[in-house]
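So the structure is just underneath, and the comments pick up after that.
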Amino acid sequence: MFDLKWIMAPVVGGLIGLITNGIAIRMLFRPFHPVKIGRFTLPFTPGLIPKEQPRLARAIGRVIGDKLLDQETLKKALASDTLHAAFENKVERVLESWSRQTCTVHEYLEKNGWHAPADAAVQSIGKSVSAYVAESIVSRKLGGTILEYAVQEVLANLNSMVAMVAEPAIRKAQPAIAERIDQTIAEQCPAILEEYIGKEYGKWMDKPMREAAAMLWTKKDLFQEKVWALYLELLEKKAGRFLERLDVSAVVEQKINEFDMRELEDLIMEISRKELNALVWIGGLLGAVIGMVNLLF
């Protein structure tokens, strides 16, 4: 006669495995808050993840910040070939868009609210460039070089007797004159350069956008190369300080701590539903096997 226990033992063992694994997985999150009876808190409440949320957030933040998204990794990502290609494509799309405009550069900037920032940027750049050029000229003693050419030219065109008499006096006065030339350059060069830059900027403002875009398109490769090089230089100099201030570990930790447990449960269940269900069924299978083994002993 067939003994029903050979069916019931594995079935009951399997059900026990299914139920216990299912409860264990639910207890990862639930209950979300401690369950109290008077002053007594029930064991295993709240669930494991709500109870350990601050510690888990800190550990996950540290792993992501120190191992996955460290400074070198982020720098490589910010200077990747993919980003470079996207930058070049963006420049081309912008120039193509500009080439279809019928207004002037000034009208385009005004329409998009960029005119005032552009003016401020040009003035700032003009001052910086003018001051840099004047300082470079003075530091190279250009006044002395110019004066030397002038002295040589004057002496070459004088009568030899006159030149022989005049040269010592000219040479004696030469340093003071050269210093005066450098001083004049330092005083007047920035204003002259600023005025020139302003005039050129004004000419560009009056150009049709189509014409400006066409001119920029002829220099597209050089423009892209220069801007990308400037971006890489800025990234190298400033990225480390920026990323230190960003503190990826702290950001990740804060974000995890701000998660509502229901949202976090839904997120993890959505991502890992298949794997978690597999764990439940494995528990059922093990329970059935254990139930069968118990009958053998």
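Ligands are numbered from 1 in the order shown, residues from 1 within each chain, and chains are lettered A, B, ... in the order they appear in the structure tokens.
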Contact residues around Pro43 of chain A with only C-alpha atoms at 12 Å, ignoring same-chain residues under 6 positions, as a VMD selection string: chain A and resid 27 31 33 to 37 51
Just write the chosen residues, C-alpha atoms, as a PDB file, in the first residue's frame.
ATOM      1  CA  MET A  27      12.076  40.935   6.267  1.00  0.00           C
ATOM      2  CA  PRO A  31       8.558  46.259   8.866  1.00  0.00           C
ATOM      3  CA  HIS A  33       9.670  50.898  11.538  1.00  0.00           C
ATOM      4  CA  PRO A  34      10.256  49.289  14.963  1.00  0.00           C
ATOM      5  CA  VAL A  35       7.260  47.412  16.355  1.00  0.00           C
ATOM      6  CA  LYS A  36       6.869  48.109  20.070  1.00  0.00           C
ATOM      7  CA  ILE A  37       4.753  46.465  22.729  1.00  0.00           C
ATOM      8  CA  LYS A  51      17.665  49.279  10.512  1.00  0.00           C
TER       9      LYS A  51
END
Distance in Å - atom CA of Ser130 of chain A versus atom CA of Leu232 of chain A: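 Separating atom CA of Ser130 of chain A from atom CA of Leu232 of chain A is a distance of 24.9 Å.
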Residue neighbourhood segment 283-286 of chain A, 10 Å, only C-alpha atoms, exclusion window fewer than 5 positions, as a PyMOL selection string: chain A and resi 10-22+277-278+291-292
Interatomic distance, atom CA of Leu276 of chain A to atom CA of Pro50 of chain A (Å, one decimal): 18.3 Å
For Ile60 of chain A: contacts at 12 Å, only C-alpha atoms, fewer than 5 positions along chain excluded, given as an mmCIF file with C-alpha atoms, in the first residue's frame:
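This is the output file out_33.cif:
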data_model
loop_
_atom_site.group_PDB
_atom_site.id
_atom_site.type_symbol
_atom_site.label_atom_id
_atom_site.label_comp_id
_atom_site.auth_asym_id
_atom_site.auth_seq_id
_atom_site.Cartn_x
_atom_site.Cartn_y
_atom_site.Cartn_z
ATOM 1 C CA GLU A 52 21.085 49.418 8.848
ATOM 2 C CA GLN A 53 20.280 52.153 6.311
ATOM 3 C CA PRO A 54 22.850 54.708 7.620
ATOM 4 C CA ARG A 55 25.639 52.122 7.794
ATOM 5 C CA GLY A 65 33.418 57.267 -4.223
ATOM 6 C CA ASP A 66 36.747 55.489 -3.586
ATOM 7 C CA LYS A 67 36.604 52.593 -6.037
ATOM 8 C CA LEU A 68 34.076 53.177 -8.808
ATOM 9 C CA LEU A 69 33.927 56.950 -9.263
ATOM 10 C CA VAL A 248 30.934 61.619 -4.402
ATOM 11 C CA SER A 249 30.918 59.369 -1.327
ATOM 12 C CA ALA A 250 28.993 61.928 0.718
ATOM 13 C CA VAL A 251 26.544 62.621 -2.111
ATOM 14 C CA VAL A 252 25.766 58.911 -2.579
ATOM 15 C CA GLU A 253 25.454 58.386 1.196
ATOM 16 C CA GLN A 254 23.084 61.336 1.537
ATOM 17 C CA LYS A 255 20.981 60.199 -1.430
ATOM 18 C CA ILE A 256 20.586 56.668 -0.047
ATOM 19 C CA ASN A 257 19.675 58.010 3.387
#
Per-residue nearest contacts segment 203-234 of chain A to segment 96-106 of chain A, cut-off 10 Å, using only C-alpha atoms, as a Markdown table:
| residue | atom | partner | partner_atom | distance |
| --- | --- | --- | --- | --- |
| A:Lys203 | CA | A:Val105 | CA | 9.7 |
| A:Trp204 | CA | A:Val105 | CA | 6.9 |
| A:Met205 | CA | A:His106 | CA | 4.6 |
| A:Asp206 | CA | A:Thr104 | CA | 5.9 |
| A:Lys207 | CA | A:Thr104 | CA | 5.4 |
| A:Pro208 | CA | A:Thr104 | CA | 4.0 |
| A:Met209 | CA | A:Thr104 | CA | 5.1 |
| A:Arg210 | CA | A:Ser99 | CA | 4.3 |
| A:Glu211 | CA | A:Ser99 | CA | 7.5 |
| A:Ala212 | CA | A:Val105 | CA | 7.5 |
| A:Ala213 | CA | A:Ser99 | CA | 5.4 |
| A:Ala214 | CA | A:Ser99 | CA | 6.8 |
| A:Trp217 | CA | A:Glu96 | CA | 8.8 |
Output N, CA and C atoms for every residue in that selection, as a JSON list (two decimals), in the first residue's frame.
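The resulting file, again_28.json, is shown below:
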[["chain", "number", "residue", "atom", "x", "y", "z"],
["A", 203, "LYS", "N", 32.40, 95.17, -35.34],
["A", 203, "LYS", "CA", 32.25, 94.71, -36.73],
["A", 203, "LYS", "C", 31.55, 93.35, -36.77],
["A", 204, "TRP", "N", 31.94, 92.47, -35.84],
["A", 204, "TRP", "CA", 31.32, 91.15, -35.79],
["A", 204, "TRP", "C", 29.84, 91.25, -35.43],
["A", 205, "MET", "N", 29.49, 92.19, -34.55],
["A", 205, "MET", "CA", 28.09, 92.35, -34.15],
["A", 205, "MET", "C", 27.21, 92.75, -35.33],
["A", 206, "ASP", "N", 27.79, 93.49, -36.28],
["A", 206, "ASP", "CA", 27.02, 93.97, -37.43],
["A", 206, "ASP", "C", 26.96, 92.96, -38.57],
["A", 207, "LYS", "N", 27.71, 91.86, -38.46],
["A", 207, "LYS", "CA", 27.71, 90.86, -39.53],
["A", 207, "LYS", "C", 26.43, 90.03, -39.49],
["A", 208, "PRO", "N", 25.91, 89.62, -40.66],
["A", 208, "PRO", "CA", 24.80, 88.66, -40.66],
["A", 208, "PRO", "C", 25.26, 87.34, -40.03],
["A", 209, "MET", "N", 24.37, 86.67, -39.33],
["A", 209, "MET", "CA", 24.73, 85.41, -38.70],
["A", 209, "MET", "C", 25.24, 84.39, -39.71],
["A", 210, "ARG", "N", 24.64, 84.40, -40.89],
["A", 210, "ARG", "CA", 25.08, 83.45, -41.93],
["A", 210, "ARG", "C", 26.54, 83.66, -42.27],
["A", 211, "GLU", "N", 26.91, 84.94, -42.43],
["A", 211, "GLU", "CA", 28.30, 85.25, -42.79],
["A", 211, "GLU", "C", 29.26, 84.89, -41.66],
["A", 212, "ALA", "N", 28.86, 85.20, -40.42],
["A", 212, "ALA", "CA", 29.70, 84.86, -39.27],
["A", 212, "ALA", "C", 29.86, 83.35, -39.15],
["A", 213, "ALA", "N", 28.76, 82.62, -39.36],
["A", 213, "ALA", "CA", 28.82, 81.15, -39.28],
["A", 213, "ALA", "C", 29.72, 80.59, -40.37],
["A", 214, "ALA", "N", 29.64, 81.17, -41.58],
["A", 214, "ALA", "CA", 30.50, 80.70, -42.68],
["A", 214, "ALA", "C", 31.97, 80.93, -42.37],
["A", 217, "TRP", "N", 33.01, 78.49, -39.80],
["A", 217, "TRP", "CA", 33.07, 77.13, -40.33],
["A", 217, "TRP", "C", 34.43, 76.86, -40.99]]
Distance query segment 82-92 of chain A at most 10 Å, only C-alpha atoms, self and fewer than 3 positions along chain excluded, as a PyMOL selection string: chain A and resi 77-79+95-98+217+220-221+223-225+227-228
For the residues selected in the previous step, produce a file with N, CA and C atoms as a PDB file, in the first residue's frame.
ATOM      1  N   ALA A  77      36.439  59.921 -17.763  1.00  0.00           N
ATOM      2  CA  ALA A  77      35.093  59.999 -18.335  1.00  0.00           C
ATOM      3  C   ALA A  77      34.828  61.379 -18.920  1.00  0.00           C
ATOM      4  N   LEU A  78      35.294  62.429 -18.212  1.00  0.00           N
ATOM      5  CA  LEU A  78      35.066  63.794 -18.678  1.00  0.00           C
ATOM      6  C   LEU A  78      35.934  64.172 -19.870  1.00  0.00           C
ATOM      7  N   ALA A  79      36.975  63.363 -20.137  1.00  0.00           N
ATOM      8  CA  ALA A  79      37.852  63.628 -21.284  1.00  0.00           C
ATOM      9  C   ALA A  79      37.844  62.466 -22.264  1.00  0.00           C
ATOM     10  N   LEU A  95      26.859  75.582 -35.562  1.00  0.00           N
ATOM     11  CA  LEU A  95      27.237  76.382 -36.729  1.00  0.00           C
ATOM     12  C   LEU A  95      26.224  76.220 -37.858  1.00  0.00           C
ATOM     13  N   GLU A  96      25.717  75.002 -38.040  1.00  0.00           N
ATOM     14  CA  GLU A  96      24.693  74.776 -39.060  1.00  0.00           C
ATOM     15  C   GLU A  96      23.421  75.554 -38.732  1.00  0.00           C
ATOM     16  N   SER A  97      23.080  75.584 -37.445  1.00  0.00           N
ATOM     17  CA  SER A  97      21.901  76.347 -37.024  1.00  0.00           C
ATOM     18  C   SER A  97      22.113  77.833 -37.276  1.00  0.00           C
ATOM     19  N   TRP A  98      23.296  78.332 -36.962  1.00  0.00           N
ATOM     20  CA  TRP A  98      23.590  79.742 -37.180  1.00  0.00           C
ATOM     21  C   TRP A  98      23.546  80.102 -38.666  1.00  0.00           C
ATOM     22  N   TRP A 217      33.008  78.491 -39.800  1.00  0.00           N
ATOM     23  CA  TRP A 217      33.074  77.133 -40.334  1.00  0.00           C
ATOM     24  C   TRP A 217      34.428  76.864 -40.992  1.00  0.00           C
ATOM     25  N   LYS A 220      36.647  75.895 -38.307  1.00  0.00           N
ATOM     26  CA  LYS A 220      35.988  74.980 -37.382  1.00  0.00           C
ATOM     27  C   LYS A 220      36.969  74.032 -36.703  1.00  0.00           C
ATOM     28  N   ASP A 221      37.826  73.405 -37.477  1.00  0.00           N
ATOM     29  CA  ASP A 221      38.756  72.425 -36.913  1.00  0.00           C
ATOM     30  C   ASP A 221      39.702  73.072 -35.892  1.00  0.00           C
ATOM     31  N   PHE A 223      39.145  75.883 -34.277  1.00  0.00           N
ATOM     32  CA  PHE A 223      38.338  76.323 -33.138  1.00  0.00           C
ATOM     33  C   PHE A 223      38.052  75.154 -32.188  1.00  0.00           C
ATOM     34  N   GLN A 224      37.652  74.014 -32.760  1.00  0.00           N
ATOM     35  CA  GLN A 224      37.371  72.839 -31.940  1.00  0.00           C
ATOM     36  C   GLN A 224      38.611  72.378 -31.194  1.00  0.00           C
ATOM     37  N   GLU A 225      39.733  72.387 -31.894  1.00  0.00           N
ATOM     38  CA  GLU A 225      40.989  71.949 -31.272  1.00  0.00           C
ATOM     39  C   GLU A 225      41.382  72.853 -30.110  1.00  0.00           C
ATOM     40  N   VAL A 227      39.441  74.973 -28.322  1.00  0.00           N
ATOM     41  CA  VAL A 227      38.481  74.929 -27.217  1.00  0.00           C
ATOM     42  C   VAL A 227      38.624  73.625 -26.433  1.00  0.00           C
ATOM     43  N   TRP A 228      38.824  72.522 -27.161  1.00  0.00           N
ATOM     44  CA  TRP A 228      38.991  71.229 -26.469  1.00  0.00           C
ATOM     45  C   TRP A 228      40.280  71.219 -25.649  1.00  0.00           C
TER      46      TRP A 228
END
Secondary structure check, strand (DSSP E or B) residues of segment 13-118 of chain A, as number ranges by chain: A: 36-37, 40-41, 104
Kindly export the residues of the current selection with N, CA and C atoms, as a compact mmCIF listing (two decimals), in the first residue's frame.
# COMPACT_ATOMS: atom_id res chain seq x y z
N LYS A 36 6.71 48.08 18.62
CA LYS A 36 6.87 48.11 20.07
C LYS A 36 5.61 47.60 20.76
N ILE A 37 5.83 46.85 21.82
CA ILE A 37 4.75 46.46 22.73
C ILE A 37 5.13 47.05 24.08
N PHE A 40 8.86 47.38 25.06
CA PHE A 40 9.60 46.27 24.45
C PHE A 40 9.50 46.35 22.93
N THR A 41 10.65 46.28 22.27
CA THR A 41 10.71 46.28 20.80
C THR A 41 10.82 44.84 20.31
N THR A 104 21.33 89.64 -37.80
CA THR A 104 22.74 89.92 -37.52
C THR A 104 23.16 89.21 -36.22
Surrounding residues of Glu135 of chain A excluding itself and chain neighbours under 4 positions, 9 Å, only C-alpha atoms, as a PyMOL selection string: chain A and resi 130-131+139-140+185-186
Gap from atom CA of Phe259 of chain A to atom CA of Leu246 of chain A - Å, one decimal: 19.9 Å
